[in-house]
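Asks: What follows is protein-v2.csv, CSV, C-alpha atoms (C1' of nucleotides).
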chain,number,residue,atom,x,y,z
A,1182,MET,CA,-160.2,60.9,99.7
A,1183,LYS,CA,-156.9,59.0,100.2
A,1184,ILE,CA,-154.4,58.6,97.4
A,1185,GLY,CA,-155.4,55.1,96.4
A,1186,GLU,CA,-159.0,56.2,95.7
A,1187,LEU,CA,-157.9,59.2,93.8
A,1188,ALA,CA,-155.6,57.0,91.8
A,1189,GLN,CA,-158.6,54.7,91.0
A,1190,ARG,CA,-160.8,57.6,90.1
A,1191,SER,CA,-158.3,59.4,88.0
A,1192,GLY,CA,-156.7,56.4,86.3
A,1193,LEU,CA,-153.2,57.4,87.4
A,1194,THR,CA,-151.0,55.5,89.8
A,1195,PRO,CA,-150.3,56.7,93.3
A,1196,SER,CA,-146.6,57.0,92.5
A,1197,ARG,CA,-147.4,59.2,89.6
A,1198,ILE,CA,-149.6,61.5,91.8
A,1199,ARG,CA,-146.9,61.7,94.5
A,1200,PHE,CA,-144.4,62.4,91.7
A,1201,TYR,CA,-146.5,65.3,90.4
A,1202,GLU,CA,-146.6,66.7,93.9
A,1203,ARG,CA,-142.9,66.4,94.3
A,1204,ILE,CA,-142.2,68.4,91.1
A,1205,GLY,CA,-144.6,71.1,92.1
A,1206,LEU,CA,-147.2,70.3,89.5
A,1207,LEU,CA,-149.7,69.6,92.2
A,1208,LYS,CA,-149.6,71.7,95.3
A,1209,ALA,CA,-149.0,69.9,98.6
A,1210,VAL,CA,-152.2,68.6,99.9
A,1211,ASP,CA,-153.7,68.3,103.4
A,1212,ARG,CA,-152.7,65.4,105.6
A,1213,LYS,CA,-154.7,63.4,108.0
A,1214,ALA,CA,-153.4,62.9,111.6
A,1215,ASN,CA,-151.6,59.7,110.5
A,1216,GLY,CA,-149.8,61.5,107.7
A,1217,TYR,CA,-151.9,60.2,104.9
A,1218,ARG,CA,-152.7,62.6,102.1
A,1219,SER,CA,-156.3,63.7,102.0
A,1220,TYR,CA,-157.6,65.0,98.6
A,1221,PRO,CA,-160.7,67.1,97.9
A,1222,ALA,CA,-163.0,65.9,95.1
A,1223,GLU,CA,-161.5,68.6,92.8
A,1224,ALA,CA,-158.3,66.7,92.6
A,1225,VAL,CA,-159.9,64.2,90.2
A,1226,THR,CA,-160.7,67.1,87.9
A,1227,ILE,CA,-157.2,68.5,88.1
A,1228,LEU,CA,-155.5,65.1,87.4
A,1229,GLY,CA,-158.0,64.6,84.5
A,1230,LEU,CA,-156.9,67.9,83.1
A,1231,ILE,CA,-153.3,67.1,83.4
A,1232,ALA,CA,-153.7,63.8,81.6
A,1233,LEU,CA,-155.8,65.5,78.9
A,1234,ALA,CA,-153.1,68.2,78.4
A,1235,GLN,CA,-150.4,65.6,78.2
A,1236,GLY,CA,-152.4,63.7,75.6
A,1237,ALA,CA,-152.6,66.9,73.6
A,1238,GLY,CA,-148.8,67.2,73.7
A,1239,PHE,CA,-148.1,69.5,76.6
A,1240,SER,CA,-145.1,68.7,78.7
A,1241,LEU,CA,-145.4,68.7,82.5
A,1242,ASP,CA,-143.4,72.0,82.5
A,1243,GLU,CA,-145.9,73.6,80.1
A,1244,ILE,CA,-148.8,72.3,82.1
A,1245,ARG,CA,-147.3,73.6,85.4
A,1246,ALA,CA,-147.0,77.1,83.8
A,1247,LEU,CA,-150.6,77.1,82.7
A,1248,LEU,CA,-152.5,75.3,85.5
A,1249,PRO,CA,-154.0,78.0,87.8
A,1250,VAL,CA,-154.0,77.8,91.5
A,1251,ASP,CA,-157.7,78.0,91.4
A,1252,LEU,CA,-159.5,76.0,88.7
A,1253,GLU,CA,-161.9,78.8,88.1
A,1254,HIS,CA,-159.3,81.5,87.5
A,1255,TRP,CA,-157.3,80.8,84.4
A,1256,GLU,CA,-154.9,83.1,82.8
A,1257,HIS,CA,-157.1,83.4,79.8
A,1258,ASP,CA,-154.6,84.9,77.3
A,1259,ALA,CA,-151.7,82.8,78.3
A,1260,LEU,CA,-153.9,79.7,78.0
A,1261,VAL,CA,-155.3,80.6,74.6
A,1262,GLY,CA,-151.8,81.5,73.4
A,1263,ALA,CA,-150.3,78.2,74.6
A,1264,LEU,CA,-153.1,76.3,73.0
A,1265,THR,CA,-152.7,78.2,69.7
A,1266,ARG,CA,-148.9,77.6,69.8
A,1267,LYS,CA,-149.5,73.9,70.4
A,1268,VAL,CA,-151.7,73.7,67.3
A,1269,ALA,CA,-148.9,75.3,65.3
A,1270,ASP,CA,-146.5,72.7,66.7
A,1271,ILE,CA,-148.8,70.0,65.7
A,1272,GLU,CA,-149.0,71.5,62.2
A,1273,THR,CA,-145.3,71.6,61.9
A,1274,LEU,CA,-145.1,67.9,62.9
A,1275,GLN,CA,-147.9,67.0,60.5
A,1276,ALA,CA,-145.9,68.6,57.7
A,1277,ARG,CA,-142.8,66.7,58.7
A,1278,LEU,CA,-144.6,63.4,59.0
A,1279,ALA,CA,-146.2,63.9,55.6
A,1280,ARG,CA,-142.7,64.5,54.1
A,1281,SER,CA,-141.3,61.4,55.9
A,1282,LYS,CA,-144.1,59.3,54.7
A,1283,ALA,CA,-143.8,60.5,51.1
A,1284,HIS,CA,-140.1,59.8,51.4
A,1285,LEU,CA,-140.5,56.3,52.7
A,1286,LEU,CA,-143.1,55.5,50.0
A,1287,HIS,CA,-140.7,56.8,47.4
A,1288,VAL,CA,-137.9,54.6,48.8
A,1289,ILE,CA,-140.1,51.5,48.7
A,1290,ASP,CA,-141.0,52.4,45.2
A,1291,GLU,CA,-137.4,52.6,44.1
A,1292,ILE,CA,-136.5,49.4,45.7
A,1293,GLU,CA,-139.4,47.5,44.2
A,1294,ALA,CA,-139.3,49.1,40.8
A,1295,ARG,CA,-135.9,47.6,40.1
A,1296,PRO,CA,-135.6,47.1,36.3
A,1297,ASP,CA,-135.4,43.4,35.6
A,1298,ASP,CA,-132.1,43.8,33.8
A,1299,ILE,CA,-130.0,44.9,36.7
A,1300,ASP,CA,-129.1,42.9,39.8
A,1301,CYS,CA,-129.8,43.6,43.5
A,1302,ALA,CA,-126.4,45.0,44.2
A,1303,THR,CA,-126.5,47.4,41.4
A,1304,ASN,CA,-130.0,48.4,42.4
A,1305,ALA,CA,-128.8,48.9,45.9
A,1306,ARG,CA,-126.1,51.3,44.7
A,1307,ARG,CA,-128.6,53.1,42.6
A,1308,VAL,CA,-131.1,53.6,45.4
A,1309,LEU,CA,-128.4,54.6,47.8
A,1310,THR,CA,-127.0,57.2,45.5
A,1311,ARG,CA,-130.4,58.7,45.0
A,1312,LEU,CA,-131.2,58.7,48.7
A,1313,LEU,CA,-128.1,60.3,49.9
A,1314,GLY,CA,-128.2,62.9,47.1
A,1315,GLU,CA,-131.6,64.0,48.4
A,1316,ASP,CA,-132.0,66.4,51.2
A,1317,ALA,CA,-131.1,65.1,54.6
A,1318,GLU,CA,-134.0,65.6,57.0
A,1319,MET,CA,-134.0,67.2,60.4
A,1320,PRO,CA,-133.1,64.6,63.0
A,1321,VAL,CA,-136.1,63.3,65.0
A,1322,ALA,CA,-134.3,64.2,68.2
A,1323,SER,CA,-135.0,67.9,67.7
A,1324,LEU,CA,-138.7,67.0,67.5
A,1325,ARG,CA,-138.7,64.8,70.5
A,1326,ALA,CA,-137.3,67.9,72.3
A,1327,LYS,CA,-140.4,69.7,71.2
A,1328,GLN,CA,-142.8,67.2,72.6
A,1329,PHE,CA,-144.0,64.6,70.2
B,589,MET,CA,-109.8,58.8,57.0
B,590,LYS,CA,-109.6,59.6,60.7
B,591,ILE,CA,-112.7,60.1,62.9
B,592,GLY,CA,-112.5,63.9,62.7
B,593,GLU,CA,-112.7,64.0,59.0
B,594,LEU,CA,-115.5,61.4,58.9
B,595,ALA,CA,-117.4,63.5,61.4
B,596,GLN,CA,-116.9,66.6,59.2
B,597,ARG,CA,-118.0,64.8,56.1
B,598,SER,CA,-121.0,63.0,57.6
B,599,GLY,CA,-122.2,65.9,59.8
B,600,LEU,CA,-122.1,63.8,63.0
B,601,THR,CA,-119.9,64.4,66.0
B,602,PRO,CA,-116.9,62.1,66.7
B,603,SER,CA,-118.5,61.1,70.0
B,604,ARG,CA,-121.6,60.1,68.3
B,605,ILE,CA,-119.6,57.9,65.8
B,606,ARG,CA,-117.8,56.3,68.7
B,607,PHE,CA,-121.1,55.8,70.5
B,608,TYR,CA,-122.5,54.0,67.4
B,609,GLU,CA,-119.6,51.7,67.4
B,610,ARG,CA,-119.9,51.0,71.1
B,611,ILE,CA,-123.5,49.9,70.8
B,612,GLY,CA,-122.7,47.7,67.8
B,613,LEU,CA,-124.5,49.8,65.2
B,614,LEU,CA,-121.2,50.3,63.4
B,615,LYS,CA,-118.8,47.4,63.3
B,616,ALA,CA,-115.4,47.9,64.8
B,617,VAL,CA,-113.2,49.6,62.3
B,618,ASP,CA,-109.5,49.2,61.4
B,619,ARG,CA,-106.9,51.0,63.6
B,620,LYS,CA,-103.7,52.7,62.5
B,621,ALA,CA,-100.5,51.8,64.3
B,622,ASN,CA,-101.1,54.6,66.8
B,623,GLY,CA,-104.6,53.3,67.7
B,624,TYR,CA,-106.5,55.9,65.7
B,625,ARG,CA,-109.6,54.6,63.9
B,626,SER,CA,-109.2,54.5,60.1
B,627,TYR,CA,-112.4,54.7,58.1
B,628,PRO,CA,-113.0,53.7,54.5
B,629,ALA,CA,-114.9,56.2,52.2
B,630,GLU,CA,-118.0,53.9,52.5
B,631,ALA,CA,-118.3,55.0,56.1
B,632,VAL,CA,-119.7,58.4,55.1
B,633,THR,CA,-122.5,56.6,53.2
B,634,ILE,CA,-123.3,54.4,56.1
B,635,LEU,CA,-123.5,57.3,58.5
B,636,GLY,CA,-125.6,59.2,56.0
B,637,LEU,CA,-128.0,56.3,55.8
B,638,ILE,CA,-128.2,56.1,59.6
B,639,ALA,CA,-129.0,59.7,59.9
B,640,LEU,CA,-131.6,59.4,57.1
B,641,ALA,CA,-133.3,56.5,58.7
B,642,GLN,CA,-133.4,58.3,62.0
B,643,GLY,CA,-135.0,61.2,60.3
B,644,ALA,CA,-137.7,58.9,59.0
B,645,GLY,CA,-138.4,57.7,62.5
B,646,PHE,CA,-136.3,54.6,62.9
B,647,SER,CA,-134.7,53.9,66.3
B,648,LEU,CA,-131.1,52.9,66.5
B,649,ASP,CA,-132.3,49.4,67.4
B,650,GLU,CA,-134.4,49.1,64.3
B,651,ILE,CA,-131.6,50.5,62.1
B,652,ARG,CA,-129.2,48.0,63.5
B,653,ALA,CA,-131.5,45.2,62.7
B,654,LEU,CA,-131.8,46.4,59.1
B,655,LEU,CA,-128.4,47.6,58.2
B,656,PRO,CA,-126.6,44.9,56.3
B,657,VAL,CA,-123.0,43.9,56.8
B,658,ASP,CA,-122.4,44.8,53.2
B,659,LEU,CA,-124.1,47.8,51.8
B,660,GLU,CA,-124.9,46.0,48.6
B,661,HIS,CA,-126.6,43.0,50.2
B,662,TRP,CA,-129.7,44.1,51.9
B,663,GLU,CA,-132.3,41.8,53.3
B,664,HIS,CA,-134.8,42.9,50.7
B,665,ASP,CA,-138.0,41.6,52.3
B,666,ALA,CA,-137.2,42.6,55.8
B,667,LEU,CA,-136.3,46.1,54.6
B,668,VAL,CA,-139.4,46.6,52.6
B,669,GLY,CA,-141.5,45.2,55.4
B,670,ALA,CA,-139.9,47.6,57.9
B,671,LEU,CA,-140.4,50.5,55.7
B,672,THR,CA,-144.0,49.6,55.1
B,673,ARG,CA,-144.6,49.2,58.9
B,674,LYS,CA,-143.0,52.6,59.5
B,675,VAL,CA,-145.4,54.1,57.0
B,676,ALA,CA,-148.2,52.6,58.9
B,677,ASP,CA,-146.8,54.0,62.2
B,678,ILE,CA,-146.7,57.4,60.6
B,679,GLU,CA,-150.3,57.1,59.6
B,680,THR,CA,-151.3,56.1,63.1
B,681,LEU,CA,-149.5,59.1,64.4
B,682,GLN,CA,-151.0,61.4,61.7
B,683,ALA,CA,-154.5,60.3,62.8
B,684,ARG,CA,-153.7,60.9,66.4
B,685,LEU,CA,-152.3,64.4,65.6
B,686,ALA,CA,-155.3,65.3,63.6
B,687,ARG,CA,-157.5,64.4,66.5
B,688,SER,CA,-155.4,66.3,69.0
B,689,LYS,CA,-155.4,69.3,66.7
B,690,ALA,CA,-159.2,69.2,66.3
B,691,HIS,CA,-159.5,68.8,70.0
B,692,LEU,CA,-157.4,71.8,70.7
B,693,LEU,CA,-159.2,74.0,68.2
B,694,HIS,CA,-162.4,72.9,69.8
B,695,VAL,CA,-161.2,73.9,73.2
B,696,ILE,CA,-160.0,77.3,72.0
B,697,ASP,CA,-163.4,77.8,70.5
B,698,GLU,CA,-165.2,77.0,73.7
B,699,ILE,CA,-163.1,79.3,75.6
B,700,GLU,CA,-163.5,82.2,73.3
B,701,ALA,CA,-167.1,81.7,72.5
B,702,ARG,CA,-168.1,82.5,76.0
B,703,PRO,CA,-171.6,84.0,76.0
B,704,ASP,CA,-171.4,87.6,77.2
B,705,ASP,CA,-173.8,87.0,79.9
B,706,ILE,CA,-171.8,84.6,82.0
B,707,ASP,CA,-168.5,85.3,83.8
B,708,CYS,CA,-165.2,83.7,83.5
B,709,ALA,CA,-165.5,81.4,86.4
B,710,THR,CA,-168.8,80.0,85.2
B,711,ASN,CA,-167.3,79.6,81.7
B,712,ALA,CA,-164.3,77.8,83.1
B,713,ARG,CA,-166.6,75.4,84.9
B,714,ARG,CA,-168.6,74.9,81.7
B,715,VAL,CA,-165.5,74.2,79.6
B,716,LEU,CA,-164.0,71.9,82.2
B,717,THR,CA,-167.1,69.9,82.4
B,718,ARG,CA,-167.3,69.4,78.7
B,719,LEU,CA,-163.7,68.6,78.4
B,720,LEU,CA,-163.5,65.9,81.1
B,721,GLY,CA,-166.7,64.4,79.9
B,722,GLU,CA,-165.2,63.8,76.5
B,723,ASP,CA,-163.0,60.9,75.8
B,724,ALA,CA,-159.6,60.9,77.4
B,725,GLU,CA,-156.8,60.4,74.8
B,726,MET,CA,-154.0,57.9,74.8
B,727,PRO,CA,-151.1,59.4,76.7
B,728,VAL,CA,-148.3,60.8,74.6
B,729,ALA,CA,-145.8,58.6,76.4
B,730,SER,CA,-147.0,55.5,74.6
B,731,LEU,CA,-146.2,57.3,71.3
B,732,ARG,CA,-142.8,58.3,72.3
B,733,ALA,CA,-142.1,54.7,73.0
B,734,LYS,CA,-143.0,54.0,69.4
B,735,GLN,CA,-140.6,56.5,68.0
B,736,PHE,CA,-141.9,60.0,67.4
C,264,DC,C1',-152.5,39.8,117.9
C,265,DT,C1',-151.5,39.0,113.5
C,266,DT,C1',-152.3,39.4,108.7
C,267,DG,C1',-152.8,42.1,104.6
C,268,DA,C1',-154.0,46.1,102.3
C,269,DC,C1',-152.9,50.5,102.4
C,270,DC,C1',-150.0,54.6,103.5
C,271,DT,C1',-145.2,57.1,104.1
C,272,DT,C1',-140.3,58.6,102.6
C,273,DA,C1',-135.9,58.8,100.1
C,274,DA,C1',-133.1,57.1,96.8
C,275,DA,C1',-132.1,54.7,92.9
C,276,DG,C1',-133.5,52.6,88.4
C,277,DT,C1',-135.6,53.0,83.5
C,278,DT,C1',-135.2,54.4,78.3
C,279,DA,C1',-133.0,56.5,74.2
C,280,DA,C1',-129.5,58.7,72.3
C,281,DC,C1',-126.1,61.0,73.0
C,282,DT,C1',-122.6,64.4,75.4
C,283,DT,C1',-119.3,65.6,78.7
C,284,DG,C1',-115.3,65.1,81.6
C,285,DA,C1',-111.0,63.3,83.0
C,286,DA,C1',-106.9,61.4,82.2
C,287,DT,C1',-103.7,60.4,78.7
C,288,DG,C1',-101.4,59.5,74.0
C,289,DT,C1',-99.9,61.2,69.1
C,290,DC,C1',-98.2,64.2,65.9
C,291,DA,C1',-97.2,68.2,62.8
C,292,DG,C1',-95.4,73.0,62.8
C,293,DG,C1',-92.6,76.9,64.5
D,369,DC,C1',-88.8,71.1,72.6
D,370,DC,C1',-93.2,72.9,73.1
D,371,DT,C1',-97.8,74.0,71.8
D,372,DG,C1',-102.2,72.9,70.0
D,373,DA,C1',-105.1,70.2,67.5
D,374,DC,C1',-106.3,65.9,67.2
D,375,DA,C1',-106.8,61.0,69.0
D,376,DT,C1',-107.8,57.3,72.8
D,377,DT,C1',-110.7,55.1,76.9
D,378,DC,C1',-114.0,54.7,80.5
D,379,DA,C1',-117.3,56.6,83.5
D,380,DA,C1',-120.7,59.5,84.4
D,381,DG,C1',-124.1,63.2,83.2
D,382,DT,C1',-128.3,64.7,80.5
D,383,DT,C1',-133.7,64.8,79.7
D,384,DA,C1',-138.5,63.5,80.6
D,385,DA,C1',-141.7,61.2,83.1
D,386,DC,C1',-142.2,58.0,85.7
D,387,DT,C1',-141.5,53.4,88.4
D,388,DT,C1',-139.2,50.5,91.6
D,389,DT,C1',-137.2,49.3,95.8
D,390,DA,C1',-136.4,49.4,100.6
D,391,DA,C1',-137.6,50.2,105.0
D,392,DG,C1',-141.0,51.2,107.6
D,393,DG,C1',-146.0,53.2,109.8
D,394,DT,C1',-151.4,52.6,110.0
D,395,DC,C1',-155.5,50.3,110.4
D,396,DA,C1',-159.7,47.2,109.8
D,397,DA,C1',-160.9,42.5,110.1
D,398,DG,C1',-160.7,37.9,111.8
Could I get this file's structure written as structure tokens?

Replies:
Amino acid sequence: MKIGELAQRSGLTPSRIRFYERIGLLKAVDRKANGYRSYPAEAVTILGLIALAQGAGFSLDEIRALLPVDLEHWEHDALVGALTRKVADIETLQARLARSKAHLLHVIDEIEARPDDIDCATNARRVLTRLLGEDAEMPVASLRAKQF
Amino acid sequence: MKIGELAQRSGLTPSRIRFYERIGLLKAVDRKANGYRSYPAEAVTILGLIALAQGAGFSLDEIRALLPVDLEHWEHDALVGALTRKVADIETLQARLARSKAHLLHVIDEIEARPDDIDCATNARRVLTRLLGEDAEMPVASLRAKQF
DNA sequence: CTTGACCTTAAAGTTAACTTGAATGTCAGG
DNA sequence: CCTGACATTCAAGTTAACTTTAAGGTCAAG
């Protein structure tokens, strides 16, 4: 199978597949006489797995560390450990999202529940004071660094 | 107030504050005779707000579009609209995280619930087949693009 | 024998949100 | 007067995961 067909079948682009090879996520593959890459059917499975893992929040580095040389010989414990840690990561993010959401709803409330007897500017000051008095949240950047 | 003190009081770095000014998120501030930036007390509030909004998932572009020239004159409807949309974004992400988590737990289950009478390699094939038969999820990249 | 679809490489571009580095200026204290 | 802590600018580096571009081979079909 040439790279174009593999791309079709896996749903990735050829450039992405070459990129994965370049960074060592995919091992270098056989070449035909003309230099074209020639993939075994298994490659579709591997690319599918990579996409799946990415969808679950694994970085390419994490995936590289877990993907076995041979699809039938996984490092069982490392894999289960990584999966479990990823679940914990998701739970952390879920908690944070719930807080962010509650916070936003609260702000919307404060803005809209402006007493009729005060003007916008005063209300703005009131909302601002409450907001900045409240706890400042962890910046989102630290989360992006952790993969979501 | 010079930039160092503002940095102290807001918890941001001086380079970050200059960066915000460079990209037009902060309007250019007064300079002293020596060229040093001189901030009003209000600047602490503005930086606090920016950090807060970032923590809630707003990009700098979104924040720039919402931050008013004058802290007391917000574009009420645009603001509430943006906050509401952000809540919706969070809900989308929450749903996706819930699915990812369920998926991961399911995979862990499949791996560990290997019948005693089949070997690892066979189990690996079984798990793989099930996995790749299932729906492929949206890649995480498209989420990062949307701010989380 | 030429067109067009496909393949190859290496290098550079993309995005967001900053940081880091280099070169230089300012100012208060000892 | 010198030192050290601050300030300034501009350019370039960082990270992740790719894509895009440029310049060029390969190959089947008409």

Asks: Sorted by chain and rising residue number, list the residues of chain A at most 9 Å from chain D (counting only C-alpha atoms (C1' of nucleotides)), each with its closest atom pair and distance in Å to one decimal, as CSV.

Replies:
residue,atom,partner,partner_atom,distance
A:Ser1196,CA,D:DT387,C1',7.5
A:Arg1197,CA,D:DC386,C1',6.6
A:Phe1200,CA,D:DC386,C1',7.8
A:Asn1215,CA,D:DT394,C1',7.1
A:Ser1240,CA,D:DA384,C1',8.6
A:Leu1241,CA,D:DA385,C1',8.4
A:Ala1326,CA,D:DT383,C1',8.8

Asks: Work out how far apart CA of Leu719 in chain B and CA of Val695 in chain B are and give it in Å to one decimal.

Replies: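 Separation of CA of Leu719 in chain B and CA of Val695 in chain B: 7.8 Å.
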
Asks: Identify all chain C residues at most 8 Å from chain A by counting only C-alpha atoms (C1' of nucleotides); ligands do not count. Present them as a VMD selection string.

Replies: chain C and resid 269 to 271

Asks: Quick one: distance from CA of Arg1212 in chain A to C1' of DG267 in chain C in Å, one decimal?

Replies: 23.3 Å

Asks: Please identify all residues of chain A having at least one atom at most 9 Å from any atom of chain B, considering all atoms listed in the file, and return them as a PyMOL selection string.

Replies: chain A and resi 1226+1229-1230+1232-1233+1235-1239+1252-1255+1257+1260-1261+1264-1265+1267-1269+1271-1272+1274-1275+1278-1286+1288-1289+1292-1293+1301-1306+1309-1310+1312-1313+1317-1322+1324-1325+1328-1329

Asks: Using CA of Val632 in chain B and CA of Leu654 in chain B as the two end points, give the distance in Å to one decimal.

Replies: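 Straight-line distance from CA of Val632 in chain B to CA of Leu654 in chain B works out to 17.5 Å.
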
Asks: Is it possible to get the residues within 10 Å of (-112.0, 60.0, 60.4) (coordinates as in the file, counting all atoms listed in the file) written as a ChimeraX atom specification?

Replies: /B:589-598,602,605,624-629,631-632

Asks: Under the rule that all atoms listed in the file are counted, which of B:Ile706, B:Leu614, B:Ala701, B:Ala621 is the nearest residue to Pro656 in chain B?

Replies: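 Using all atoms listed in the file, Pro656 in chain B sits closest to B:Leu614.
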
Asks: Emit range 269-286 of chain C of the structure in the block as a file comprising N, CA and C atoms (P, O5', C5', C4', C3', O3' and C1' of nucleotides), as a short mmCIF file (atom, residue, chain, number, x, y, z; two decimals), in the first residue's frame.

Replies:
data_model
loop_
_atom_site.label_atom_id
_atom_site.label_comp_id
_atom_site.auth_asym_id
_atom_site.auth_seq_id
_atom_site.Cartn_x
_atom_site.Cartn_y
_atom_site.Cartn_z
P DC C 269 -4.24 11.08 -7.37
"O5'" DC C 269 -2.78 10.80 -6.77
"C5'" DC C 269 -2.23 9.53 -6.94
"C4'" DC C 269 -0.73 9.54 -6.87
"C3'" DC C 269 -0.13 9.87 -5.50
"O3'" DC C 269 0.13 8.66 -4.81
"C1'" DC C 269 1.21 10.60 -7.36
P DC C 270 0.58 8.77 -3.26
"O5'" DC C 270 2.16 8.99 -3.39
"C5'" DC C 270 3.00 7.89 -3.70
"C4'" DC C 270 4.41 8.37 -3.96
"C3'" DC C 270 5.10 9.06 -2.78
"O3'" DC C 270 5.74 8.12 -1.94
"C1'" DC C 270 5.57 10.14 -4.87
P DT C 271 6.39 8.73 -0.56
"O5'" DT C 271 7.63 9.62 -1.05
"C5'" DT C 271 8.76 8.96 -1.65
"C4'" DT C 271 9.88 9.95 -1.88
"C3'" DT C 271 10.18 10.83 -0.69
"O3'" DT C 271 11.03 10.19 0.24
"C1'" DT C 271 10.14 12.12 -2.68
P DT C 272 11.18 10.81 1.69
"O5'" DT C 272 12.06 12.12 1.51
"C5'" DT C 272 13.35 12.03 0.91
"C4'" DT C 272 13.92 13.43 0.77
"C3'" DT C 272 14.01 14.17 2.09
"O3'" DT C 272 15.38 14.28 2.46
"C1'" DT C 272 12.93 15.52 0.41
P DA C 273 15.76 14.79 3.92
"O5'" DA C 273 15.79 16.37 3.75
"C5'" DA C 273 16.38 16.97 2.58
"C4'" DA C 273 16.19 18.46 2.69
"C3'" DA C 273 16.29 18.97 4.14
"O3'" DA C 273 17.07 20.17 4.12
"C1'" DA C 273 14.16 19.53 3.24
P DA C 274 17.31 20.98 5.52
"O5'" DA C 274 16.38 22.25 5.32
"C5'" DA C 274 16.15 22.76 3.99
"C4'" DA C 274 15.10 23.84 4.06
"C3'" DA C 274 15.10 24.62 5.37
"O3'" DA C 274 14.82 25.98 5.06
"C1'" DA C 274 12.98 23.68 5.04
P DA C 275 15.00 27.16 6.17
"O5'" DA C 275 13.65 27.97 6.04
"C5'" DA C 275 12.95 27.98 4.79
"C4'" DA C 275 11.48 28.14 5.04
"C3'" DA C 275 11.13 29.05 6.22
"O3'" DA C 275 10.12 29.93 5.78
"C1'" DA C 275 9.98 27.02 6.42
P DG C 276 9.56 31.13 6.68
"O5'" DG C 276 8.05 30.65 6.84
"C5'" DG C 276 7.27 30.33 5.68
"C4'" DG C 276 5.89 29.92 6.12
"C3'" DG C 276 5.30 30.81 7.22
"O3'" DG C 276 3.93 31.03 6.92
"C1'" DG C 276 5.32 28.56 7.95
P DT C 277 3.09 32.04 7.79
"O5'" DT C 277 2.31 31.03 8.75
"C5'" DT C 277 1.44 30.06 8.19
"C4'" DT C 277 0.66 29.38 9.29
"C3'" DT C 277 0.25 30.31 10.43
"O3'" DT C 277 -1.17 30.32 10.51
"C1'" DT C 277 1.23 28.29 11.26
P DT C 278 -1.88 31.62 11.20
"O5'" DT C 278 -2.16 31.13 12.66
"C5'" DT C 278 -2.82 29.90 12.89
"C4'" DT C 278 -2.84 29.66 14.39
"C3'" DT C 278 -2.81 30.96 15.20
"O3'" DT C 278 -3.96 30.98 16.03
"C1'" DT C 278 -1.14 29.43 15.96
P DA C 279 -4.25 32.40 16.82
"O5'" DA C 279 -3.88 32.06 18.32
"C5'" DA C 279 -4.14 30.76 18.84
"C4'" DA C 279 -3.55 30.69 20.22
"C3'" DA C 279 -3.54 32.04 20.93
"O3'" DA C 279 -4.06 31.87 22.24
"C1'" DA C 279 -1.32 31.14 20.79
P DA C 280 -4.36 33.16 23.11
"O5'" DA C 280 -3.03 33.26 23.97
"C5'" DA C 280 -2.64 32.15 24.76
"C4'" DA C 280 -1.26 32.36 25.29
"C3'" DA C 280 -1.00 33.78 25.86
"O3'" DA C 280 -0.25 33.67 27.05
"C1'" DA C 280 0.64 33.23 24.35
P DC C 281 -0.56 34.71 28.24
"O5'" DC C 281 0.52 35.82 28.22
"C5'" DC C 281 1.56 35.87 27.25
"C4'" DC C 281 2.62 34.82 27.50
"C3'" DC C 281 3.88 35.33 28.14
"O3'" DC C 281 4.26 34.60 29.29
"C1'" DC C 281 4.36 34.29 26.04
P DT C 282 5.49 35.23 30.16
"O5'" DT C 282 6.77 34.63 29.41
"C5'" DT C 282 6.92 33.22 29.30
"C4'" DT C 282 8.29 32.92 28.74
"C3'" DT C 282 9.46 33.54 29.53
"O3'" DT C 282 10.45 32.51 29.60
"C1'" DT C 282 9.56 34.26 27.27
P DT C 283 11.75 32.77 30.49
"O5'" DT C 283 12.87 33.10 29.39
"C5'" DT C 283 12.85 32.41 28.15
"C4'" DT C 283 13.99 32.93 27.28
"C3'" DT C 283 15.16 33.56 28.03
"O3'" DT C 283 16.35 33.04 27.45
"C1'" DT C 283 14.32 35.08 26.43
P DG C 284 17.78 33.43 28.00
"O5'" DG C 284 18.27 34.44 26.87
"C5'" DG C 284 18.09 34.11 25.50
"C4'" DG C 284 18.70 35.20 24.65
"C3'" DG C 284 19.91 35.88 25.27
"O3'" DG C 284 20.85 36.13 24.24
"C1'" DG C 284 18.25 37.49 24.81
P DA C 285 22.32 36.60 24.67
"O5'" DA C 285 22.44 37.95 23.83
"C5'" DA C 285 21.72 38.12 22.60
"C4'" DA C 285 21.78 39.57 22.21
"C3'" DA C 285 22.96 40.33 22.82
"O3'" DA C 285 23.48 41.23 21.87
"C1'" DA C 285 20.95 41.36 23.47
P DA C 286 24.94 41.89 22.18
"O5'" DA C 286 24.59 43.42 21.98
"C5'" DA C 286 23.49 43.83 21.15
"C4'" DA C 286 22.98 45.17 21.64
"C3'" DA C 286 24.05 45.99 22.39
"O3'" DA C 286 24.06 47.32 21.91
"C1'" DA C 286 22.08 45.82 23.69
#
